[in-house]
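Engineer: Input model_6.tsv, format and content: TSV, C-alpha atoms.
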```
chain	number	residue	atom	x	y	z
A	984	MET	CA	-89.60	61.94	-92.05
A	985	THR	CA	-91.37	58.74	-93.11
A	986	LEU	CA	-89.66	55.42	-92.35
A	987	TRP	CA	-90.59	51.93	-93.50
A	988	LEU	CA	-89.33	49.12	-91.28
A	989	ALA	CA	-89.16	45.41	-92.11
A	990	ARG	CA	-89.92	43.23	-89.12
A	991	ALA	CA	-88.63	39.69	-88.63
A	992	ASP	CA	-92.11	38.35	-89.45
A	993	ARG	CA	-91.79	40.07	-92.90
A	994	LYS	CA	-94.46	42.63	-92.03
A	995	ARG	CA	-93.76	46.22	-93.03
A	996	ILE	CA	-94.65	49.11	-90.75
A	997	ARG	CA	-94.79	52.80	-91.57
A	998	LEU	CA	-93.55	55.25	-88.93
A	999	ILE	CA	-93.11	59.02	-88.78
A	1000	ASP	CA	-90.14	60.78	-87.15
A	1001	PRO	CA	-91.16	64.44	-86.61
A	1002	SER	CA	-87.81	65.35	-85.00
A	1003	PHE	CA	-85.87	65.37	-88.29
A	1004	HIS	CA	-84.92	68.89	-89.41
A	1005	PRO	CA	-82.21	68.84	-92.13
A	1006	SER	CA	-79.56	71.55	-92.41
A	1007	PHE	CA	-77.24	72.98	-95.01
A	1008	TYR	CA	-74.47	75.56	-94.63
A	1009	VAL	CA	-73.71	78.85	-96.36
A	1010	GLN	CA	-70.32	80.62	-96.49
A	1011	GLY	CA	-69.79	84.23	-97.49
A	1012	ALA	CA	-69.35	87.76	-96.23
A	1013	GLU	CA	-71.10	88.13	-92.86
A	1014	PRO	CA	-73.25	91.12	-93.88
A	1015	ARG	CA	-74.60	89.05	-96.78
A	1016	LEU	CA	-75.27	86.10	-94.47
A	1017	HIS	CA	-77.10	88.31	-91.97
A	1018	GLN	CA	-79.24	89.66	-94.80
A	1019	LEU	CA	-79.90	86.12	-96.05
A	1020	SER	CA	-80.98	85.07	-92.56
A	1021	ARG	CA	-83.55	87.87	-92.43
A	1022	VAL	CA	-84.86	87.08	-95.91
A	1023	LEU	CA	-85.23	83.36	-95.13
A	1024	ALA	CA	-87.01	84.05	-91.84
A	1025	ALA	CA	-89.62	86.06	-93.74
A	1026	ARG	CA	-90.16	83.35	-96.37
A	1027	ALA	CA	-90.21	79.98	-94.61
A	1028	ARG	CA	-89.94	78.14	-91.32
A	1029	VAL	CA	-86.19	77.95	-90.93
A	1030	ARG	CA	-83.67	78.47	-88.14
A	1031	CYS	CA	-80.46	80.27	-89.00
A	1032	ALA	CA	-77.41	80.36	-86.73
A	1033	PHE	CA	-73.69	80.97	-87.19
A	1034	THR	CA	-71.42	78.05	-86.47
A	1035	GLU	CA	-68.03	76.62	-87.40
A	1036	ARG	CA	-67.46	73.58	-89.58
A	1037	PHE	CA	-64.22	71.95	-90.67
A	1038	SER	CA	-63.43	72.24	-94.37
A	1039	ILE	CA	-61.81	69.07	-95.69
A	1040	TRP	CA	-60.51	71.01	-98.71
A	1041	ASP	CA	-58.88	73.87	-96.79
A	1042	ALA	CA	-58.00	71.74	-93.72
A	1043	ARG	CA	-59.27	74.44	-91.41
A	1044	PRO	CA	-62.46	75.46	-89.61
A	1045	ILE	CA	-64.65	77.97	-91.44
A	1046	ARG	CA	-67.46	80.17	-90.15
A	1047	VAL	CA	-70.76	79.43	-91.89
A	1048	LEU	CA	-74.46	80.10	-91.55
A	1049	GLU	CA	-76.35	76.94	-90.64
A	1050	VAL	CA	-79.82	76.88	-92.23
A	1051	THR	CA	-82.10	74.34	-90.56
A	1052	VAL	CA	-85.34	73.59	-92.39
A	1053	HIS	CA	-88.39	72.76	-90.29
A	1054	HIS	CA	-90.24	70.82	-93.01
A	1055	PRO	CA	-87.90	68.34	-94.78
A	1056	ALA	CA	-90.01	68.49	-97.95
A	1057	GLN	CA	-88.95	72.16	-98.35
A	1058	PHE	CA	-85.22	71.44	-98.03
A	1059	ALA	CA	-84.40	71.34	-101.77
A	1060	ALA	CA	-86.57	74.36	-102.60
A	1061	ILE	CA	-85.00	76.53	-99.90
A	1062	ALA	CA	-81.50	75.50	-100.98
A	1063	ARG	CA	-82.36	76.43	-104.59
A	1064	PHE	CA	-83.64	79.82	-103.44
A	1065	VAL	CA	-80.41	80.56	-101.55
A	1066	ARG	CA	-78.33	79.49	-104.55
A	1067	ARG	CA	-80.22	81.93	-106.79
A	1068	TYR	CA	-80.54	84.69	-104.20
A	1069	ASP	CA	-76.82	85.47	-104.16
A	1070	THR	CA	-74.44	83.62	-106.47
A	1071	ARG	CA	-71.45	84.89	-104.46
A	1072	LEU	CA	-72.38	82.63	-101.56
A	1073	THR	CA	-70.98	79.09	-101.25
A	1074	LEU	CA	-73.34	76.31	-100.18
A	1075	TYR	CA	-72.39	73.05	-98.46
A	1076	ASN	CA	-74.52	69.89	-98.05
A	1077	SER	CA	-77.33	71.50	-100.04
A	1078	ASP	CA	-77.38	68.83	-102.78
A	1079	LEU	CA	-77.59	65.87	-100.39
A	1080	MET	CA	-80.66	63.64	-100.39
A	1081	LEU	CA	-82.90	63.57	-97.33
A	1082	ALA	CA	-82.53	59.85	-96.63
A	1083	PRO	CA	-78.72	59.96	-96.13
A	1084	LEU	CA	-79.07	63.19	-94.12
A	1085	TYR	CA	-81.53	61.45	-91.81
A	1086	CYS	CA	-79.20	58.47	-91.36
A	1087	TRP	CA	-76.23	60.70	-90.52
A	1088	GLN	CA	-78.25	62.77	-88.07
A	1089	LYS	CA	-79.70	59.72	-86.29
A	1090	ASN	CA	-76.55	57.53	-86.47
A	1091	VAL	CA	-78.27	54.72	-88.37
A	1092	PHE	CA	-77.71	53.25	-91.82
A	1093	PRO	CA	-79.81	51.40	-94.42
A	1094	LEU	CA	-80.52	47.70	-93.65
A	1095	ALA	CA	-79.35	48.08	-90.03
A	1096	ARG	CA	-81.25	46.59	-87.10
A	1097	VAL	CA	-82.76	49.32	-84.96
A	1098	ASP	CA	-84.69	49.68	-81.73
A	1099	ILE	CA	-87.66	52.01	-81.99
A	1100	GLU	CA	-89.43	53.78	-79.17
A	1101	THR	CA	-92.79	55.19	-80.18
A	1102	ALA	CA	-94.61	58.10	-78.59
A	1103	SER	CA	-97.21	57.08	-76.04
A	1104	GLN	CA	-100.01	58.95	-77.79
A	1105	SER	CA	-99.41	57.29	-81.17
A	1106	ALA	CA	-97.76	54.00	-82.11
A	1107	ALA	CA	-96.91	55.48	-85.53
A	1108	ILE	CA	-94.76	58.36	-84.19
A	1109	ILE	CA	-91.10	57.69	-83.45
A	1110	HIS	CA	-89.90	59.03	-80.12
A	1111	ALA	CA	-86.37	57.56	-80.34
A	1112	ILE	CA	-84.38	55.37	-82.71
A	1113	GLU	CA	-81.15	53.51	-81.87
A	1114	CYS	CA	-78.93	51.47	-84.17
A	1115	ARG	CA	-78.09	47.90	-83.10
A	1116	ASP	CA	-75.58	47.08	-85.88
A	1117	ASP	CA	-72.02	48.19	-86.49
A	1118	GLU	CA	-71.73	50.26	-89.67
A	1119	TRP	CA	-68.16	49.01	-90.14
A	1120	ALA	CA	-69.08	45.31	-89.95
A	1121	ILE	CA	-68.61	43.35	-93.18
A	1122	ASP	CA	-70.70	40.34	-92.16
A	1123	TYR	CA	-74.05	40.99	-90.55
A	1124	GLU	CA	-77.53	39.57	-90.95
A	1125	LEU	CA	-79.55	41.25	-93.67
A	1126	PRO	CA	-83.25	41.94	-93.14
A	1127	PRO	CA	-85.85	39.96	-95.13
A	1128	ILE	CA	-86.19	42.42	-98.00
A	1129	ARG	CA	-87.84	41.81	-101.37
A	1130	THR	CA	-86.05	43.16	-104.44
A	1131	LEU	CA	-87.49	43.71	-107.91
A	1132	GLN	CA	-84.76	43.81	-110.56
A	1133	LEU	CA	-85.42	45.40	-113.95
A	1134	ARG	CA	-83.09	45.43	-116.94
A	1135	LEU	CA	-83.14	45.33	-120.73
A	1136	GLU	CA	-82.09	42.20	-122.55
A	1137	GLY	CA	-78.57	42.37	-123.92
A	1138	LEU	CA	-75.37	43.98	-122.79
A	1139	GLY	CA	-75.85	45.84	-119.54
A	1140	GLN	CA	-72.91	48.20	-120.08
A	1141	VAL	CA	-74.45	49.64	-123.25
A	1142	ASP	CA	-76.51	52.77	-122.58
A	1143	PRO	CA	-80.05	52.35	-124.02
A	1144	GLN	CA	-79.99	56.02	-125.00
A	1145	HIS	CA	-77.32	55.09	-127.55
A	1146	GLY	CA	-79.68	52.85	-129.50
A	1147	ARG	CA	-79.85	49.66	-127.43
A	1148	ARG	CA	-83.33	48.13	-127.36
A	1149	GLY	CA	-84.81	44.89	-126.08
A	1150	ALA	CA	-87.48	43.27	-123.96
A	1151	LEU	CA	-87.66	44.14	-120.28
A	1152	GLU	CA	-86.40	41.41	-117.95
A	1153	ALA	CA	-87.85	41.34	-114.43
A	1154	GLU	CA	-86.81	39.15	-111.51
A	1155	ILE	CA	-88.28	38.93	-107.99
A	1156	ASP	CA	-88.24	36.17	-105.38
A	1157	GLY	CA	-86.21	34.00	-107.77
A	1158	GLU	CA	-88.87	34.26	-110.49
A	1159	GLN	CA	-87.85	35.69	-113.86
A	1160	GLN	CA	-90.21	37.19	-116.41
A	1161	VAL	CA	-89.75	38.79	-119.80
A	1162	LEU	CA	-92.14	41.70	-120.40
A	1163	GLU	CA	-92.98	42.72	-123.96
A	1164	ASP	CA	-95.68	44.99	-125.35
A	1165	SER	CA	-96.97	42.14	-127.52
A	1166	ASP	CA	-98.33	40.39	-124.40
A	1167	GLU	CA	-99.51	43.42	-122.44
A	1168	PRO	CA	-98.15	46.96	-122.14
A	1169	VAL	CA	-94.83	46.69	-120.32
A	1170	ALA	CA	-95.84	49.34	-117.81
A	1171	ARG	CA	-98.91	47.29	-116.84
A	1172	GLY	CA	-96.70	44.23	-116.39
A	1173	VAL	CA	-94.40	46.17	-114.06
A	1174	GLU	CA	-97.41	47.54	-112.16
A	1175	ARG	CA	-98.72	43.99	-111.73
A	1176	LEU	CA	-95.40	42.90	-110.22
A	1177	LEU	CA	-95.32	45.91	-107.91
A	1178	ARG	CA	-98.81	45.27	-106.58
A	1179	THR	CA	-98.39	41.48	-106.32
A	1180	HIS	CA	-94.99	41.40	-104.60
A	1181	ASP	CA	-94.81	44.84	-102.92
A	1182	PRO	CA	-90.98	44.97	-103.20
A	1183	ASP	CA	-88.86	46.90	-100.73
A	1184	LEU	CA	-86.28	47.78	-103.39
A	1185	VAL	CA	-86.43	48.33	-107.14
A	1186	VAL	CA	-82.97	47.80	-108.65
A	1187	THR	CA	-82.51	48.73	-112.31
A	1188	GLU	CA	-79.88	48.99	-115.00
A	1189	TRP	CA	-80.07	52.45	-116.61
A	1190	GLY	CA	-83.26	53.01	-114.63
A	1191	ASP	CA	-82.82	56.70	-113.75
A	1192	SER	CA	-81.94	57.82	-117.25
A	1193	THR	CA	-84.05	55.50	-119.41
A	1194	LEU	CA	-86.16	52.66	-117.98
A	1195	LEU	CA	-88.18	54.43	-115.29
A	1196	PRO	CA	-88.91	57.57	-117.35
A	1197	ALA	CA	-90.10	55.38	-120.27
A	1198	LEU	CA	-92.27	53.22	-118.00
A	1199	MET	CA	-93.78	56.26	-116.29
A	1200	GLN	CA	-94.54	57.90	-119.64
A	1201	GLN	CA	-96.23	54.75	-120.96
A	1202	ALA	CA	-98.27	54.42	-117.75
A	1203	GLN	CA	-99.37	58.04	-118.09
A	1204	ARG	CA	-100.53	57.42	-121.67
A	1205	LEU	CA	-102.53	54.41	-120.42
A	1206	GLY	CA	-104.15	56.47	-117.67
A	1207	PHE	CA	-102.49	55.23	-114.46
A	1208	GLU	CA	-99.42	55.83	-112.29
A	1209	LEU	CA	-96.83	53.22	-111.42
A	1210	SER	CA	-96.91	52.22	-107.74
A	1211	LEU	CA	-93.25	53.06	-107.19
A	1212	ASN	CA	-93.91	54.59	-103.77
A	1213	ARG	CA	-95.64	52.81	-100.89
A	1214	ASP	CA	-96.76	56.18	-99.56
A	1215	GLN	CA	-98.51	56.91	-102.85
A	1216	ALA	CA	-96.54	60.14	-102.96
A	1217	PRO	CA	-95.43	61.39	-106.38
A	1218	VAL	CA	-92.12	60.19	-107.79
A	1219	TRP	CA	-89.82	63.09	-108.61
A	1220	ARG	CA	-87.63	63.42	-111.69
A	1221	SER	CA	-84.55	65.61	-111.62
A	1222	ARG	CA	-82.78	66.68	-114.80
A	1223	SER	CA	-79.15	66.00	-115.54
A	1224	ARG	CA	-76.93	69.03	-115.05
A	1225	SER	CA	-73.36	70.23	-114.80
A	1226	TYR	CA	-72.30	72.32	-111.82
A	1227	MET	CA	-69.26	73.79	-110.11
A	1228	SER	CA	-68.13	72.27	-106.81
A	1229	TYR	CA	-64.89	73.11	-104.99
A	1230	GLY	CA	-63.40	74.55	-108.17
A	1231	ARG	CA	-64.28	71.54	-110.35
A	1232	ILE	CA	-66.99	71.13	-112.99
A	1233	LEU	CA	-69.00	68.00	-112.22
A	1234	TYR	CA	-71.80	66.22	-114.07
A	1235	LYS	CA	-74.83	64.79	-112.30
A	1236	GLY	CA	-77.14	62.53	-114.30
A	1237	SER	CA	-80.91	62.57	-114.09
A	1238	SER	CA	-82.50	60.70	-111.21
A	1239	THR	CA	-85.86	59.27	-110.20
A	1240	THR	CA	-86.69	59.45	-106.48
```
Show me this structure written as structure tokens.
Structural biologist:
Amino acid sequence: MTLWLARADRKRIRLIDPSFHPSFYVQGAEPRLHQLSRVLAARARVRCAFTERFSIWDARPIRVLEVTVHHPAQFAAIARFVRRYDTRLTLYNSDLMLAPLYCWQKNVFPLARVDIETASQSAAIIHAIECRDDEWAIDYELPPIRTLQLRLEGLGQVDPQHGRRGALEAEIDGEQQVLEDSDEPVARGVERLLRTHDPDLVVTEWGDSTLLPALMQQAQRLGFELSLNRDQAPVWRSRSRSYMSYGRILYKGSSTT
């Protein structure tokens, strides 16, 4: 797992925690779970073990197969395979994002102060991480983070997919800019801000569904990629979908991560 930490001197450091192995859980008939365990062991580096977890819906412990993925990047793909392998199985925690899973496993939370112990052989490898803030506190010191805000001019509650159009408004470090294609392509203006300010957060209105996909498509037409990731790893787009969860049909919008 890759972590970016903001130090008090405003420097950013990139660290790797190789101890993070995310898990999801599968419920079903035990013969099917045993078969699934054998199939997964032949396909990927996973560890499967039976365990009990408490179901908040049934108010009772249930016996499940815990599937622990060695490489976090394979977590979503392995969960998709299990979902398609046998539709009679019930999956838990399989749709969760890796960042929250890491926080829950390590007992930390975003924007918290942490103590880091690095491995002796490499200053970039995390040996231990410990939270120094109380997750229930309502008043604690925030780290010195830089935030780039992007929104369309006009009413923020109106979905741009329903016909709303306007110039792109950008704000960072108290500086506001209006980006329009008449000055330079909007995607190049956003890229300039990303490279100049190197923000820790990009906060958008309607970003997942409209702004970021449009900016990424324009950048692709112009022959470059937006620097939305400090690691220079690709930014992933997931489609919107409806799905069944605990007997209810839920809708999940598209996302950019």
Engineer: Nearest to Tyr1234 of chain A among A:Val1141, A:Arg1222, A:Arg1204, A:Asp1098, with distances taken over all atoms listed in the file: which residue is it?
Structural biologist: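 Selected residue with least distance to Tyr1234 of chain A: A:Arg1222.
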Engineer: Which residue is closest to Glu1124 of chain A? Choose from A:Ala1012, A:Met1199, A:Ala991, A:Val1065 and count only C-alpha atoms.
Structural biologist: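 Checking each of A:Ala1012, A:Met1199, A:Ala991, A:Val1065 against Glu1124 of chain A, counting only C-alpha atoms, the winner is A:Ala991.
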Engineer: Counting all atoms listed in the file, figure out which residue out of A:His1054, A:Arg1015, A:Lys1089, A:Arg990 gets nearest to Tyr1068 of chain A.
Structural biologist: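 Of all the options, A:Arg1015 lies closest to Tyr1068 of chain A.
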Engineer: Here is a test: counting all atoms listed in the file, which residue of A:Leu1177, A:Pro1127, A:Cys1086, A:Leu1133 is nearest to Glu1113 of chain A?
Structural biologist: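 Of A:Leu1177, A:Pro1127, A:Cys1086, A:Leu1133, the one nearest Glu1113 of chain A, counting all atoms listed in the file, is A:Cys1086.
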Engineer: Considering all atoms listed in the file, state which residue in the set A:Glu1049, A:Glu1100, A:Asp1183, A:Glu1136 is at the smallest distance from Asn1076 of chain A.
Structural biologist: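 Among A:Glu1049, A:Glu1100, A:Asp1183, A:Glu1136, it is A:Glu1049 that comes nearest to Asn1076 of chain A.
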Engineer: Please compute the atom CA of Pro1005 of chain A-atom CA of Val1052 of chain A distance, one decimal, in Å.
Structural biologist: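 About the pair atom CA of Pro1005 of chain A and atom CA of Val1052 of chain A: they are 5.7 Å apart.
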Engineer: Could you tell me how far atom CA of Leu1195 of chain A sits from atom CA of Thr1239 of chain A, in Å to one decimal place?
Structural biologist: 7.4 Å
Engineer: List every protein, DNA or RNA residue that has at least one atom no more than 12 Å from (-90.8, 60.4, -107.2) in the file's coordinates, counting all atoms listed in the file, and write the result as a list in words.
Structural biologist: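 Residues close enough to count: Asp1191, Leu1195, Pro1196, Met1199, Glu1208, Leu1209, Ser1210, Leu1211, Asn1212, Arg1213, Asp1214, Gln1215, Ala1216, Pro1217, Val1218, Trp1219, Arg1220, Ser1221, Ser1238, Thr1239 and Thr1240 of chain A.
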Engineer: Would you save the residues of that selection, restricted to C-alpha atoms, as an mmCIF file, keeping the file's coordinate frame?
Structural biologist:
```cif
data_model
loop_
_atom_site.group_PDB
_atom_site.id
_atom_site.type_symbol
_atom_site.label_atom_id
_atom_site.label_comp_id
_atom_site.auth_asym_id
_atom_site.auth_seq_id
_atom_site.Cartn_x
_atom_site.Cartn_y
_atom_site.Cartn_z
ATOM 1 C CA ASP A 1191 -82.820 56.700 -113.750
ATOM 2 C CA LEU A 1195 -88.180 54.430 -115.290
ATOM 3 C CA PRO A 1196 -88.910 57.570 -117.350
ATOM 4 C CA MET A 1199 -93.780 56.260 -116.290
ATOM 5 C CA GLU A 1208 -99.420 55.830 -112.290
ATOM 6 C CA LEU A 1209 -96.830 53.220 -111.420
ATOM 7 C CA SER A 1210 -96.910 52.220 -107.740
ATOM 8 C CA LEU A 1211 -93.250 53.060 -107.190
ATOM 9 C CA ASN A 1212 -93.910 54.590 -103.770
ATOM 10 C CA ARG A 1213 -95.640 52.810 -100.890
ATOM 11 C CA ASP A 1214 -96.760 56.180 -99.560
ATOM 12 C CA GLN A 1215 -98.510 56.910 -102.850
ATOM 13 C CA ALA A 1216 -96.540 60.140 -102.960
ATOM 14 C CA PRO A 1217 -95.430 61.390 -106.380
ATOM 15 C CA VAL A 1218 -92.120 60.190 -107.790
ATOM 16 C CA TRP A 1219 -89.820 63.090 -108.610
ATOM 17 C CA ARG A 1220 -87.630 63.420 -111.690
ATOM 18 C CA SER A 1221 -84.550 65.610 -111.620
ATOM 19 C CA SER A 1238 -82.500 60.700 -111.210
ATOM 20 C CA THR A 1239 -85.860 59.270 -110.200
ATOM 21 C CA THR A 1240 -86.690 59.450 -106.480
#
```
Engineer: Residues at most 9 Å from Leu1125 of chain A, counting only C-alpha atoms, excluding those fewer than 3 positions away in the same chain, as a PyMOL selection string?
Structural biologist: chain A and resi 1094-1096+1128
Engineer: Rank nothing, just name the residue among A:Val1097, A:Ala1056, A:Phe1007, A:Gly1146 nearest to Phe1033 of chain A, using only C-alpha atoms.
Structural biologist: A:Phe1007
Engineer: How big is the axis-aligned box around the listed atoms of segment 1204-1217 of chain A once 3 Å is added on each side, and where is its centre? Give both in Å to one decimal, as JSON.
Structural biologist:
```
{"center_x": -98.7, "center_y": 56.8, "center_z": -110.6, "size_x": 16.9, "size_y": 15.2, "size_z": 28.1}
```
Engineer: Just to confirm, what's the straight-line distance from atom CA of Gly1137 of chain A to atom CA of Gly1149 of chain A in Å (one decimal)?
Structural biologist: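 Atom-to-atom, atom CA of Gly1137 of chain A and atom CA of Gly1149 of chain A are spaced 7.1 Å apart.
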Engineer: Mind listing whatever residues come within 12 Å of the point (-95.8, 47.2, -124.6)? Use only C-alpha atoms, file coordinates, and give them as a ChimeraX atom specification.
Structural biologist: /A:1149-1151,1161-1173,1197-1198,1200-1202,1204-1205
Engineer: Hey, what's within 7 Å of Val1050 of chain A if we count only C-alpha atoms and toss same-chain stuff fewer than 4 positions away? As a ChimeraX atom specification, please?
Structural biologist: /A:1006-1008,1029-1032
